[in-house]
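Shown next, in structure tokens, is the structure this report addresses.
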Amino acid sequence: MVDGKTTAETDQTATAVTGFAARPAINRVLDVPAEVTDQVRRVFPVQWPRYYLALAEQHGADSAVARMGKPQLSELVQDPGDIADPIADQRQRPVPFVVQKHADRVIILTTKKCHFYCRFCFRREEPVARAMEPTDADWETIFAFLRANPAIKEPILSGGDPLTLSDERLAWIRSNLERIPSVTHWRIHSRAPVHYPARVTPALVEALQGALPLRLMCHFNHADELTSAGRAGIARFQAAGLTVSNQAVLLNGVNDTLEAQTALWQGLAEIGVGAHHLHHPDRVTGNAPFRVTIAAGLALYRELCAVSVVKPPSYVLDLPDGCGKVPVRDLTRNDDGLYQYDHGDGHISQYQDWA
Ligand code: SF4
């Protein structure tokens, strides 16, 4: 029971479930001592929507859903495999809040807020390090940057979760992007349909609709997240003509089995959500328990490709040197876990794996 509702009641009415669980309820459902949550949230926020906590309660304190948000003291410990700025996001910012690794697209860090804080998040160091979100002046700088760089066709709103912004703010961003002639489409990366499906309202969908084609990249990691409420949110986007795809992260103890991967991608295909990327986990400080090795991930991916009845995602590694995402199957292993990727232009990236 979460805040007076049974799990069954919560799932049935999930599209109407709003709000966030109180901390005692989080600790009880996840079976975490209060002092652990109190210590961990000083480093990275702990917040559970009531909807998603009911899902964790339904599946149990050791379930995939629970594990993705369960505070652990290991988050406070430096691991030898940690990489500061693990995908070079902080080194490739031509203007504040903009990450650029490719000529034709940029990521815009619209906010640091999320409905739920995934313990594996590769941007988990961001909230304590920088301002929460762009001011109006920052946005003017961002729009000016896009106007000055017409090769950029696709701005990607990321964060944090862009769908924590208000409908008005999102509509304002959209209308500004529409006035930049070189921008041909835009994209939003969000886990709101997963954690907080009540956010997917008709008003939100209307705010996002306009002259520019929009692609929503959602982030379901496990089939247990594909609830009736989550599916309804996706269907609402699709009914409005948005293209919806999914990217997931391969996570130890969450979805690193053939059964979990098959159920996830087949479940998504059944609701018309395309498979985009399966990300190898990025090694930010605090997420060590979620990591898998390249060898284990590749073995699982090969199995998935062999048995999957639907189109599997691309299994990718975002390189620590800032060269972007590359297919894991194209890495070559030298020795002692040192992998290389040949970009074909004389540059070779290296990746030291950790068992
Ligand atoms: S929703 Fe996305 S940005 Fe937010 S904590 Fe989870 S992975 Fe990180």
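We name chains A, B, ... following the order of the structure tokens; residues begin at 1 in each chain, and ligands are numbered from 1 as shown.
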
Please identify the alpha helix (DSSP H) residues within range 44-280 of chain A (assignment by DSSP from backbone atoms) and present them as a ChimeraX atom specification.
/A:50-59,64-69,126-129,136-148,167-178,192-195,202-208,228-239,258-270

Skip Val326 in chain A itself and residues of its chain fewer than 4 positions away, then list as a PyMOL selection string all residues within 10 Å of it, counting only C-alpha atoms.
chain A and resi 279+314-319+330-331+341-343

Taking only range 102-302 of chain A into account, list the residues labelled strand (DSSP E) by DSSP (computed from the backbone), as a VMD selection string.
chain A and resid 105 to 109 154 to 158 186 to 190 214 to 218 243 to 249 274 to 279

Okay, now the selection with C-alpha atoms, as a JSON list (two decimals), in the first residue's frame?
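again.json was written with the following content:
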[["chain", "number", "residue", "atom", "x", "y", "z"],
["A", 105, "ARG", "CA", 22.66, 17.62, -33.82],
["A", 106, "VAL", "CA", 23.15, 18.93, -30.30],
["A", 107, "ILE", "CA", 21.89, 18.01, -26.86],
["A", 108, "ILE", "CA", 20.35, 20.82, -24.83],
["A", 109, "LEU", "CA", 20.43, 20.29, -21.07],
["A", 154, "GLU", "CA", 18.14, 18.45, -34.76],
["A", 155, "PRO", "CA", 18.21, 19.94, -31.25],
["A", 156, "ILE", "CA", 17.64, 17.23, -28.66],
["A", 157, "LEU", "CA", 16.05, 18.30, -25.39],
["A", 158, "SER", "CA", 17.57, 16.31, -22.56],
["A", 186, "TRP", "CA", 13.58, 18.11, -32.80],
["A", 187, "ARG", "CA", 13.74, 15.37, -30.24],
["A", 188, "ILE", "CA", 12.90, 14.93, -26.56],
["A", 189, "HIS", "CA", 14.55, 12.37, -24.30],
["A", 190, "SER", "CA", 12.28, 11.57, -21.38],
["A", 214, "LEU", "CA", 9.09, 15.72, -33.03],
["A", 215, "ARG", "CA", 10.55, 12.39, -32.04],
["A", 216, "LEU", "CA", 10.07, 11.24, -28.47],
["A", 217, "MET", "CA", 12.83, 9.02, -27.18],
["A", 218, "CYS", "CA", 11.50, 7.29, -24.12],
["A", 243, "THR", "CA", 7.26, 9.14, -33.51],
["A", 244, "VAL", "CA", 8.10, 7.26, -30.31],
["A", 245, "SER", "CA", 11.27, 5.20, -29.92],
["A", 246, "ASN", "CA", 13.04, 3.70, -26.94],
["A", 247, "GLN", "CA", 16.54, 3.59, -25.59],
["A", 248, "ALA", "CA", 17.48, 1.46, -22.61],
["A", 249, "VAL", "CA", 20.57, 0.99, -20.50],
["A", 274, "GLY", "CA", 10.80, 1.38, -32.14],
["A", 275, "ALA", "CA", 14.01, -0.05, -30.72],
["A", 276, "HIS", "CA", 16.77, 2.57, -30.87],
["A", 277, "HIS", "CA", 19.72, 2.01, -28.54],
["A", 278, "LEU", "CA", 20.74, -0.38, -25.82],
["A", 279, "HIS", "CA", 23.42, 1.58, -23.98]]

Can you tell me which residues sit at most 6 Å away from ligand 1, counting only C-alpha atoms and all ligand atoms, written as a PyMOL selection string?
chain A and resi 114+117-118+121+123+159-161+191

Residues just named, written with N, CA and C atoms as a PDB file, in the first residue's frame:
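Written file, part-v4.pdb:
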ATOM      1  N   CYS A 114      14.242  15.715 -12.430  1.00  0.00           N
ATOM      2  CA  CYS A 114      13.599  14.520 -12.959  1.00  0.00           C
ATOM      3  C   CYS A 114      12.426  14.194 -12.043  1.00  0.00           C
ATOM      4  N   TYR A 117      14.885   9.765  -9.633  1.00  0.00           N
ATOM      5  CA  TYR A 117      16.318   9.832  -9.857  1.00  0.00           C
ATOM      6  C   TYR A 117      16.902   8.417  -9.901  1.00  0.00           C
ATOM      7  N   CYS A 118      17.187   7.979 -11.133  1.00  0.00           N
ATOM      8  CA  CYS A 118      17.727   6.642 -11.373  1.00  0.00           C
ATOM      9  C   CYS A 118      19.123   6.576 -10.760  1.00  0.00           C
ATOM     10  N   CYS A 121      22.176   6.775 -13.125  1.00  0.00           N
ATOM     11  CA  CYS A 121      22.216   7.898 -14.086  1.00  0.00           C
ATOM     12  C   CYS A 121      23.643   8.378 -14.371  1.00  0.00           C
ATOM     13  N   ARG A 123      24.364  11.179 -15.597  1.00  0.00           N
ATOM     14  CA  ARG A 123      24.487  12.616 -15.309  1.00  0.00           C
ATOM     15  C   ARG A 123      24.277  12.892 -13.820  1.00  0.00           C
ATOM     16  N   GLY A 159      18.380  16.304 -20.299  1.00  0.00           N
ATOM     17  CA  GLY A 159      18.471  16.910 -18.965  1.00  0.00           C
ATOM     18  C   GLY A 159      19.325  16.043 -18.059  1.00  0.00           C
ATOM     19  N   GLY A 160      18.727  15.719 -16.865  1.00  0.00           N
ATOM     20  CA  GLY A 160      17.367  15.840 -16.366  1.00  0.00           C
ATOM     21  C   GLY A 160      16.293  15.398 -17.377  1.00  0.00           C
ATOM     22  N   ASP A 161      15.083  15.637 -16.963  1.00  0.00           N
ATOM     23  CA  ASP A 161      13.964  15.250 -17.808  1.00  0.00           C
ATOM     24  C   ASP A 161      13.231  16.491 -18.305  1.00  0.00           C
ATOM     25  N   ARG A 191      11.991  10.173 -19.475  1.00  0.00           N
ATOM     26  CA  ARG A 191      11.525   8.983 -18.765  1.00  0.00           C
ATOM     27  C   ARG A 191      10.178   9.265 -18.081  1.00  0.00           C
TER      28      ARG A 191
END

Using only C-alpha atoms, determine which residues lie at most 8 Å from range 63-71 of chain A, disregarding the query and same-chain residues fewer than 6 positions distant; provide the list as a ChimeraX atom specification.
/A:30,32,36-37,40-41,46,48,53,55-57,116-120,222,224-225,253-255

What is the distance, in Å and to one decimal place, between CA of Leu226 in chain A and CA of Leu251 in chain A?
17.3 Å

So that I can check the surroundings of range 192-194 of chain A, please list as a PDB file with N, CA and C atoms, in the first residue's frame every protein, DNA and RNA residue that reaches within 8 Å of it, counting only C-alpha atoms and ignoring chain neighbours fewer than 4 positions away.
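And here's selection-v6.pdb as it stands now:
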ATOM      1  N   HIS A 115      11.508  13.387 -12.529  1.00  0.00           N
ATOM      2  CA  HIS A 115      10.442  12.922 -11.649  1.00  0.00           C
ATOM      3  C   HIS A 115      10.969  11.891 -10.659  1.00  0.00           C
ATOM      4  N   ASP A 161      15.083  15.637 -16.963  1.00  0.00           N
ATOM      5  CA  ASP A 161      13.964  15.250 -17.808  1.00  0.00           C
ATOM      6  C   ASP A 161      13.231  16.491 -18.305  1.00  0.00           C
ATOM      7  N   LEU A 163      10.501  16.853 -19.648  1.00  0.00           N
ATOM      8  CA  LEU A 163       9.055  16.898 -19.403  1.00  0.00           C
ATOM      9  C   LEU A 163       8.724  17.238 -17.954  1.00  0.00           C
ATOM     10  N   THR A 164       9.747  17.599 -17.162  1.00  0.00           N
ATOM     11  CA  THR A 164       9.459  18.250 -15.874  1.00  0.00           C
ATOM     12  C   THR A 164       9.228  19.745 -16.070  1.00  0.00           C
ATOM     13  N   ALA A 198       1.141  10.221 -15.606  1.00  0.00           N
ATOM     14  CA  ALA A 198       0.111  11.256 -15.492  1.00  0.00           C
ATOM     15  C   ALA A 198       0.579  12.581 -16.102  1.00  0.00           C
ATOM     16  N   ARG A 199       1.888  12.705 -16.319  1.00  0.00           N
ATOM     17  CA  ARG A 199       2.415  13.932 -16.947  1.00  0.00           C
ATOM     18  C   ARG A 199       1.990  14.028 -18.412  1.00  0.00           C
ATOM     19  N   VAL A 200       1.656  12.901 -19.024  1.00  0.00           N
ATOM     20  CA  VAL A 200       1.323  12.904 -20.463  1.00  0.00           C
ATOM     21  C   VAL A 200      -0.152  13.291 -20.620  1.00  0.00           C
ATOM     22  N   CYS A 218      11.769   7.634 -25.506  1.00  0.00           N
ATOM     23  CA  CYS A 218      11.498   7.293 -24.117  1.00  0.00           C
ATOM     24  C   CYS A 218      12.532   6.277 -23.639  1.00  0.00           C
ATOM     25  N   HIS A 219      12.420   5.881 -22.390  1.00  0.00           N
ATOM     26  CA  HIS A 219      13.539   5.182 -21.757  1.00  0.00           C
ATOM     27  C   HIS A 219      13.002   4.115 -20.810  1.00  0.00           C
ATOM     28  N   PHE A 220      12.302   3.141 -21.395  1.00  0.00           N
ATOM     29  CA  PHE A 220      11.871   1.979 -20.617  1.00  0.00           C
ATOM     30  C   PHE A 220      13.068   1.027 -20.532  1.00  0.00           C
ATOM     31  N   GLU A 225       7.894  -2.083 -16.502  1.00  0.00           N
ATOM     32  CA  GLU A 225       7.530  -0.663 -16.570  1.00  0.00           C
ATOM     33  C   GLU A 225       6.431  -0.399 -17.605  1.00  0.00           C
ATOM     34  N   LEU A 226       6.151  -1.402 -18.425  1.00  0.00           N
ATOM     35  CA  LEU A 226       5.139  -1.219 -19.477  1.00  0.00           C
ATOM     36  C   LEU A 226       3.742  -1.491 -18.911  1.00  0.00           C
ATOM     37  N   GLY A 230       1.549   3.480 -18.477  1.00  0.00           N
ATOM     38  CA  GLY A 230       2.666   3.821 -19.354  1.00  0.00           C
ATOM     39  C   GLY A 230       2.290   3.666 -20.818  1.00  0.00           C
ATOM     40  N   GLY A 233       0.090   6.528 -21.956  1.00  0.00           N
ATOM     41  CA  GLY A 233       0.858   7.742 -22.242  1.00  0.00           C
ATOM     42  C   GLY A 233       1.503   7.685 -23.614  1.00  0.00           C
ATOM     43  N   ILE A 234       2.092   6.539 -23.931  1.00  0.00           N
ATOM     44  CA  ILE A 234       2.712   6.375 -25.249  1.00  0.00           C
ATOM     45  C   ILE A 234       1.653   6.508 -26.348  1.00  0.00           C
TER      46      ILE A 234
END

Which polymer residues have any atom within 9 Å of an atom of Trp139 in chain A, counting only C-alpha atoms, with same-chain residues fewer than 5 positions away left out, as a compact mmCIF listing (two decimals) with C-alpha atoms, in the first residue's frame?
# COMPACT_ATOMS: atom_id res chain seq x y z
CA PHE A 97 23.77 23.89 -21.52
CA PRO A 134 18.87 27.70 -18.44
CA ALA A 144 21.64 32.27 -31.26
CA ILE A 173 11.02 26.40 -26.64

If you count only C-alpha atoms, which residues fall within 10 Å of Gly322 in chain A, apart from same-chain ones fewer than 6 positions away, as a ChimeraX atom specification?
/A:85-92,100-101,349

Those same residues - C-alpha atoms - I'd like them written as a PDB file, in the first residue's frame.
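In the end it all went to out-v2.pdb:
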ATOM      1  CA  ASP A  85      32.945  12.992 -17.051  1.00  0.00           C
ATOM      2  CA  PRO A  86      32.436   9.433 -18.433  1.00  0.00           C
ATOM      3  CA  ILE A  87      31.260  10.414 -21.925  1.00  0.00           C
ATOM      4  CA  ALA A  88      33.006  13.798 -22.163  1.00  0.00           C
ATOM      5  CA  ASP A  89      29.722  15.704 -21.945  1.00  0.00           C
ATOM      6  CA  GLN A  90      31.280  18.406 -19.820  1.00  0.00           C
ATOM      7  CA  ARG A  91      34.178  18.981 -22.206  1.00  0.00           C
ATOM      8  CA  GLN A  92      32.098  19.558 -25.333  1.00  0.00           C
ATOM      9  CA  GLN A 100      27.828  18.954 -29.236  1.00  0.00           C
ATOM     10  CA  LYS A 101      29.531  15.809 -30.508  1.00  0.00           C
ATOM     11  CA  SER A 349      39.484   5.374 -29.426  1.00  0.00           C
TER      12      SER A 349
END

Distance query Asp79 in chain A at most 12 Å, only C-alpha atoms, self and fewer than 6 positions along chain excluded, as a PyMOL selection string:
chain A and resi 283-289+291+354-355

Best match for closeness to Ala211 in chain A among A:Ala22, A:Ile180, A:Ala148, A:Ala229, counting only C-alpha atoms
A:Ile180

Which residue gives the smallest distance to Leu76 in chain A among A:Asp38, A:Gly210, A:Ala61, A:Asp353, with only C-alpha atoms counted?
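Between A:Asp38, A:Gly210, A:Ala61, A:Asp353, the residue approaching Leu76 in chain A most closely is A:Asp38.
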
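A straight line drawn from CA of Phe44 in chain A to CA of Pro96 in chain A is 21.9 Å long.
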